[in-house]
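Visitor: Sending over a structure as structure tokens; questions will come in a sec.
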Amino acid sequence: MKRFKKKRFAFILIILFPLFISGQPARQLSLPGANDSLSLQQIIRQVTSSYPTVLKAQEAIKSADAAIGLARSGYYPDISGQAGYTRLGPGSKLSFPMLGTFELYPQNNYNAEIDVRETIYDFSKTSRNIKTEESGKTISEKSVELVKQKLDLVTVVSYYTLVYLQEALKIINVQLDNLNDHLAFIIKKKETGSATQYEILSTQVRISTAENQKVDIQSEIKTQQAILNSLLGFPVSTPLKVKQNLTLSNSVINPDSLVHFALQNRYEMIVAGLKEEHANLQLKLVKAQNNPELDAFLTGGIKNGFFPNLNELTPNYVAGVGLHIPIFDATRRKNNIKLANVEINELKQETEQTRRDISSEVYQNEASVAASLQKINQSNMQVKQAEEALDLAKVSYSSGAITNLDLLDAETSAAESKVNLLKAQTDYAVSLARLNISIGRPLY
């Protein structure tokens with residue numbers, strides 16, 4: 001029972017802590033009752049639909065939609081309106097003999113107009129900008145799935161750890177019941193002189209050890225419940241229970257193609273490839289930043305000040321076209337191209353690093369699954385042997401061939417073998433989930 005040490009669970013907490021900062025949504029789970037147990041499928045669906053990091057990643061998609069709309073605005077005219085009044089003084093007049101006196105300009109000036117400016121052709125600057133922003137949206141969409149993939153792994157580890165602890169607590173409770181029964185029986189035997197104080201003390205020590213192990217298990221159960229409650233959005237003190245679901249069937253694909261399958265389906269690789277494409281689009285956009293731009297403009301409205309009736313409001317307009325050609329931009333385009341090329345090279349190296357990491361991860365998880373299967377077979381054999389030894393010990397104890405302490409040793413070995421089997425089954429379930437996630441296969 002020494003396997004109930006806290007080091008294993010401390011490691012899990014280290015993995016989970018960074019994530020605690022993070023279609024149509026799935027149906028929200030209500031707080032479970034005292035006798036309700038949640039399945040892994042229910043928990044994963046709840047976590048991946050409501051956890052803050054997922055919702056934050058989904059907001060990035062909305063931001064990308066806005067960026068695309070902003071890029072498309074280059075195809076639309078820019079329209080504005082303005083109106084004003086201006087008083088000029090002193091007034092100027094000009095007199096002609098026989099003709100009279102004329103005002104050179106009105107002192108009260110009124111003006112209202114609408115200005116329209118439209119880009120006729122910008123030599124692909126707008127289209128490249130749109131493609132770049134659409135690429136950013138695709139990255140955001142895949143990033144949501146990547147966040148869910150990581151949450152799946154965290155949830156699986158915590159779920160199966162809680163399954164293991166729940167079942168281990170049942171086993172140790174049975175062991176404590178047996179030890180207390182033995183203690184009561186030995187105390188009665190001592191009263192008749194057929195047992196010694198040493199047997200009583202030895203049994204009490206075993207009970208104390210088992211009680212300490214039970215306290216550790218109960219503490220770890222609360223820890224795992226708090227972790228799952230945090231993932232699910234429940235109050236951390238909710239007495240959560242999970243269903244025992246230690247799947248022992250290997251559902252992965254042919255081992256010979258695991259790495260190839262992973263490199264085709266892992267969201268890390270997909271996102272890495274999309275980032276490279278995005279960087280290349282950025283480079284094309286930078287190269288187009290100094291392209292000429294052909295614009296048209298139109299201003300129409302009413303104002304006074306036109307000869308000969310200077311004070312009469314008169315419709316008027318101004319229209320034209322213009323060509324803007326950058327000649328020298330102080331080397332900005334040249335240096336931006338250099339930066340874009342550097343980013344492309346960096347992303348290529350990141351993609352290669354991701355490929356190596358995934359290949360190593362798949363290989364390690366595949367080895368863990370194989371090792372866990374071997375441990376299950378060995379643990380099954382140990383349980384069978386321990387139970388047979390316990391049956392023989394009970395017979396021998398009844399005939400007086402062994403002492404009470406020998407029987408307790410046999411019972412302890414049987415209990416430990418069951419815990420070891422449970423541990424091997426839990427490790428296998430976690431390893432299999434890790435392998436499926438590492439090759440990019442969804443758990444549900």
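Residues are referred to by chain and number: the chain letter is A, B, ... according to the order shown in the structure tokens, the number counts from 1 in that chain, and ligands are numbered separately from 1 in the order shown.
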Could you pull the residues within 6 Å of region 287-295 of chain A, counting only C-alpha atoms, minus those fewer than 2 positions along the same chain, as a ChimeraX atom specification?

Guide: /A:118-122,125,284-285,321-326

Visitor: For the selection just defined, write its residues with N, CA and C atoms to a file, as a PDB file, in the first residue's frame.

Guide:
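The resulting file, result_11.pdb, is reproduced below:
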ATOM      1  N   GLU A 118     -13.179  56.652 -53.610  1.00  0.00           N
ATOM      2  CA  GLU A 118     -13.218  55.215 -53.918  1.00  0.00           C
ATOM      3  C   GLU A 118     -11.905  54.803 -54.575  1.00  0.00           C
ATOM      4  N   THR A 119     -11.355  53.680 -54.090  1.00  0.00           N
ATOM      5  CA  THR A 119     -10.165  53.124 -54.724  1.00  0.00           C
ATOM      6  C   THR A 119     -10.603  52.298 -55.937  1.00  0.00           C
ATOM      7  N   ILE A 120     -10.165  52.710 -57.088  1.00  0.00           N
ATOM      8  CA  ILE A 120     -10.529  51.982 -58.309  1.00  0.00           C
ATOM      9  C   ILE A 120      -9.695  50.716 -58.456  1.00  0.00           C
ATOM     10  N   TYR A 121      -8.414  50.835 -58.217  1.00  0.00           N
ATOM     11  CA  TYR A 121      -7.538  49.661 -58.346  1.00  0.00           C
ATOM     12  C   TYR A 121      -6.288  49.910 -57.497  1.00  0.00           C
ATOM     13  N   ASP A 122      -5.972  48.918 -56.618  1.00  0.00           N
ATOM     14  CA  ASP A 122      -4.799  49.091 -55.749  1.00  0.00           C
ATOM     15  C   ASP A 122      -3.739  48.025 -55.997  1.00  0.00           C
ATOM     16  N   LYS A 125      -3.370  44.956 -53.313  1.00  0.00           N
ATOM     17  CA  LYS A 125      -3.093  45.180 -51.896  1.00  0.00           C
ATOM     18  C   LYS A 125      -4.266  44.724 -51.011  1.00  0.00           C
ATOM     19  N   LYS A 284       3.842  38.373 -48.978  1.00  0.00           N
ATOM     20  CA  LYS A 284       3.246  38.897 -50.202  1.00  0.00           C
ATOM     21  C   LYS A 284       2.573  40.243 -49.960  1.00  0.00           C
ATOM     22  N   LEU A 285       1.942  40.363 -48.789  1.00  0.00           N
ATOM     23  CA  LEU A 285       1.288  41.631 -48.460  1.00  0.00           C
ATOM     24  C   LEU A 285       2.306  42.752 -48.297  1.00  0.00           C
ATOM     25  N   VAL A 321      -9.908  61.938 -60.719  1.00  0.00           N
ATOM     26  CA  VAL A 321      -9.186  60.703 -60.433  1.00  0.00           C
ATOM     27  C   VAL A 321      -7.747  61.064 -60.104  1.00  0.00           C
ATOM     28  N   GLY A 322      -7.110  60.171 -59.329  1.00  0.00           N
ATOM     29  CA  GLY A 322      -5.732  60.412 -58.954  1.00  0.00           C
ATOM     30  C   GLY A 322      -4.949  59.115 -58.888  1.00  0.00           C
ATOM     31  N   LEU A 323      -3.702  59.166 -59.227  1.00  0.00           N
ATOM     32  CA  LEU A 323      -2.823  57.995 -59.179  1.00  0.00           C
ATOM     33  C   LEU A 323      -1.693  58.283 -58.186  1.00  0.00           C
ATOM     34  N   HIS A 324      -1.618  57.409 -57.160  1.00  0.00           N
ATOM     35  CA  HIS A 324      -0.575  57.568 -56.140  1.00  0.00           C
ATOM     36  C   HIS A 324       0.513  56.523 -56.388  1.00  0.00           C
ATOM     37  N   ILE A 325       1.739  56.977 -56.609  1.00  0.00           N
ATOM     38  CA  ILE A 325       2.860  56.075 -56.881  1.00  0.00           C
ATOM     39  C   ILE A 325       3.976  56.353 -55.866  1.00  0.00           C
ATOM     40  N   PRO A 326       4.209  55.437 -54.933  1.00  0.00           N
ATOM     41  CA  PRO A 326       5.321  55.631 -53.992  1.00  0.00           C
ATOM     42  C   PRO A 326       6.657  55.603 -54.738  1.00  0.00           C
TER      43      PRO A 326
END

Visitor: Counting only C-alpha atoms, which residues in region 369-437 of chain A sit no more than 12 Å from region 33-55 of chain A? For each one, give the nearest pair of atoms and the distance in Å, sorted by chain then residue number, as a Markdown table.

Guide:
| residue | atom | partner | partner_atom | distance |
| --- | --- | --- | --- | --- |
| A:Ala429 | CA | A:Leu40 | CA | 11.7 |
| A:Val430 | CA | A:Leu40 | CA | 11.9 |
| A:Ala433 | CA | A:Leu40 | CA | 11.4 |

Visitor: Sorted by chain and rising residue number, which residues of region 261-313 of chain A lie within 10 Å of region 93-116 of chain A, and what are their closest atom pairs and distances in Å to one decimal, counting only C-alpha atoms, as a Markdown table?

Guide:
| residue | atom | partner | partner_atom | distance |
| --- | --- | --- | --- | --- |
| A:Ala296 | CA | A:Val116 | CA | 8.2 |
| A:Phe297 | CA | A:Val116 | CA | 5.6 |
| A:Leu298 | CA | A:Val116 | CA | 5.1 |
| A:Thr299 | CA | A:Asp115 | CA | 4.4 |
| A:Gly300 | CA | A:Glu113 | CA | 5.3 |
| A:Gly301 | CA | A:Glu113 | CA | 3.9 |
| A:Ile302 | CA | A:Ala112 | CA | 5.5 |
| A:Lys303 | CA | A:Asn111 | CA | 4.3 |
| A:Asn304 | CA | A:Tyr110 | CA | 6.0 |
| A:Gly305 | CA | A:Pro106 | CA | 5.9 |
| A:Phe306 | CA | A:Tyr105 | CA | 8.4 |
| A:Phe307 | CA | A:Tyr105 | CA | 8.6 |
| A:Pro308 | CA | A:Phe102 | CA | 9.1 |
| A:Asn309 | CA | A:Pro106 | CA | 9.4 |
| A:Leu310 | CA | A:Pro106 | CA | 5.8 |
| A:Asn311 | CA | A:Pro106 | CA | 6.2 |
| A:Glu312 | CA | A:Tyr110 | CA | 9.5 |
| A:Leu313 | CA | A:Tyr110 | CA | 7.6 |

Visitor: Apply DSSP to the structure's backbone, then extract all residues of region 69-240 of chain A labelled strand (DSSP E) and return them as a count of residues only.

Guide: 32

Visitor: Could you pull the residues within 8 Å of Thr238 (chain A), counting only C-alpha atoms, minus those fewer than 4 positions along the same chain, as a list in words?

Guide: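 Result of the neighbour search: Leu31, Gln225, Ala226, Asn229 and Phe234 of chain A.
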
Visitor: Would you kindly return, as a ChimeraX atom specification, each protein, DNA or RNA residue with an atom no farther than 9 Å from any atom of Gln264 (chain A), considering only C-alpha atoms and excluding same-chain residues fewer than 5 positions away?

Guide: /A:259,269-270,439-440

Visitor: Keeping only N, CA and C atoms, write the selected residues as a compact mmCIF listing (two decimals), in the first residue's frame.

Guide:
# COMPACT_ATOMS: atom_id res chain seq x y z
N VAL A 259 3.11 7.21 -36.12
CA VAL A 259 3.78 8.51 -36.25
C VAL A 259 3.28 9.25 -37.49
N MET A 269 0.66 20.17 -35.56
CA MET A 269 1.23 20.17 -36.90
C MET A 269 0.35 20.97 -37.87
N ILE A 270 -0.95 20.82 -37.72
CA ILE A 270 -1.86 21.56 -38.60
C ILE A 270 -1.69 23.06 -38.40
N ILE A 439 -1.71 10.99 -31.19
CA ILE A 439 -1.78 10.76 -32.65
C ILE A 439 -2.90 11.60 -33.27
N GLY A 440 -3.58 12.40 -32.44
CA GLY A 440 -4.59 13.32 -32.98
C GLY A 440 -5.96 12.74 -33.12

Visitor: Would you work out the distance separating CA of Leu283 (chain A) from CA of Asn129 (chain A), expressed in Å to one decimal?

Guide: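 Computing it gives 10.7 Å between the two atoms.
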
Visitor: Write out as JSON, numbers by chain the residues lying within 9 Å of Ala60 (chain A), counting only C-alpha atoms and excluding same-chain residues fewer than 6 positions away.

Guide: {"A": [137, 140, 141, 144]}

Visitor: Please write the residues from the selection above to a file, keeping N, CA and C atoms, as a compact mmCIF listing (two decimals), in the first residue's frame.

Guide:
# COMPACT_ATOMS: atom_id res chain seq x y z
N LYS A 137 -7.88 33.66 -39.42
CA LYS A 137 -9.09 33.06 -38.87
C LYS A 137 -8.98 31.53 -38.84
N SER A 140 -7.02 30.53 -35.94
CA SER A 140 -7.81 30.67 -34.70
C SER A 140 -8.76 29.50 -34.52
N GLU A 141 -9.37 29.05 -35.61
CA GLU A 141 -10.30 27.92 -35.52
C GLU A 141 -9.58 26.64 -35.11
N VAL A 144 -8.61 26.55 -31.41
CA VAL A 144 -9.66 26.12 -30.49
C VAL A 144 -9.59 24.61 -30.28

Visitor: So which one's closest to Leu70 (chain A), A:Asn436, A:Phe261, A:Ile130, A:Ser143? Using only C-alpha atoms, please.

Guide: A:Ile130

Visitor: Quick one: everything within 12 Å of Gln218 (chain A), counting only C-alpha atoms, minus sequence neighbours fewer than 2 positions away in the same chain. Send it as a short mmCIF file (atom, residue, chain, number, x, y, z; two decimals) with N, CA and C atoms, in the first residue's frame.

Guide:
data_model
loop_
_atom_site.label_atom_id
_atom_site.label_comp_id
_atom_site.auth_asym_id
_atom_site.auth_seq_id
_atom_site.Cartn_x
_atom_site.Cartn_y
_atom_site.Cartn_z
N PHE A 4 0.46 4.75 -2.35
CA PHE A 4 -0.43 5.88 -2.14
C PHE A 4 0.33 7.15 -1.74
N LYS A 6 2.34 10.76 -2.24
CA LYS A 6 1.81 11.97 -2.88
C LYS A 6 2.62 12.44 -4.08
N LEU A 162 -8.89 9.84 -10.13
CA LEU A 162 -10.00 9.78 -9.17
C LEU A 162 -10.65 8.40 -9.17
N TYR A 164 -9.12 5.59 -9.73
CA TYR A 164 -8.17 4.75 -8.98
C TYR A 164 -8.31 4.98 -7.48
N LEU A 165 -8.39 6.24 -7.08
CA LEU A 165 -8.48 6.55 -5.64
C LEU A 165 -9.79 6.05 -5.04
N GLN A 166 -10.89 6.21 -5.79
CA GLN A 166 -12.18 5.73 -5.28
C GLN A 166 -12.15 4.22 -5.03
N GLU A 167 -11.61 3.49 -5.99
CA GLU A 167 -11.57 2.04 -5.84
C GLU A 167 -10.54 1.63 -4.79
N ALA A 168 -9.42 2.35 -4.72
CA ALA A 168 -8.42 2.04 -3.70
C ALA A 168 -8.97 2.26 -2.31
N LEU A 169 -9.82 3.28 -2.16
CA LEU A 169 -10.43 3.54 -0.86
C LEU A 169 -11.35 2.39 -0.45
N LYS A 170 -12.07 1.83 -1.43
CA LYS A 170 -12.93 0.68 -1.12
C LYS A 170 -12.09 -0.50 -0.64
N ILE A 172 -9.08 -0.49 0.77
CA ILE A 172 -8.48 -0.28 2.09
C ILE A 172 -9.54 -0.31 3.18
N ASN A 173 -10.78 0.09 2.86
CA ASN A 173 -11.86 -0.02 3.84
C ASN A 173 -12.14 -1.49 4.18
N GLU A 211 -4.92 3.08 8.45
CA GLU A 211 -5.67 4.32 8.68
C GLU A 211 -4.93 5.51 8.08
N ASN A 212 -3.59 5.54 8.25
CA ASN A 212 -2.81 6.63 7.65
C ASN A 212 -2.91 6.62 6.13
N GLN A 213 -2.87 5.42 5.54
CA GLN A 213 -3.01 5.31 4.09
C GLN A 213 -4.39 5.79 3.65
N LYS A 214 -5.41 5.48 4.45
CA LYS A 214 -6.77 5.92 4.14
C LYS A 214 -6.87 7.43 4.17
N VAL A 215 -6.22 8.04 5.17
CA VAL A 215 -6.23 9.51 5.27
C VAL A 215 -5.58 10.13 4.02
N ASP A 216 -4.45 9.53 3.59
CA ASP A 216 -3.77 10.04 2.39
C ASP A 216 -4.66 9.92 1.16
N GLU A 220 -6.14 12.92 -1.19
CA GLU A 220 -5.91 12.98 -2.63
C GLU A 220 -7.22 12.98 -3.41
N ILE A 221 -8.24 12.30 -2.88
CA ILE A 221 -9.56 12.34 -3.52
C ILE A 221 -10.09 13.76 -3.54
N LYS A 222 -9.95 14.46 -2.41
CA LYS A 222 -10.41 15.85 -2.35
C LYS A 222 -9.63 16.73 -3.33
N THR A 223 -8.33 16.44 -3.45
CA THR A 223 -7.51 17.20 -4.39
C THR A 223 -7.99 16.99 -5.83
N GLN A 224 -8.20 15.74 -6.21
CA GLN A 224 -8.66 15.45 -7.56
C GLN A 224 -10.07 15.96 -7.80
N GLN A 225 -10.92 15.90 -6.78
CA GLN A 225 -12.25 16.47 -6.93
C GLN A 225 -12.18 17.97 -7.18
N PRO A 239 -18.68 17.39 -3.72
CA PRO A 239 -18.25 15.99 -3.53
C PRO A 239 -18.47 15.17 -4.80
#
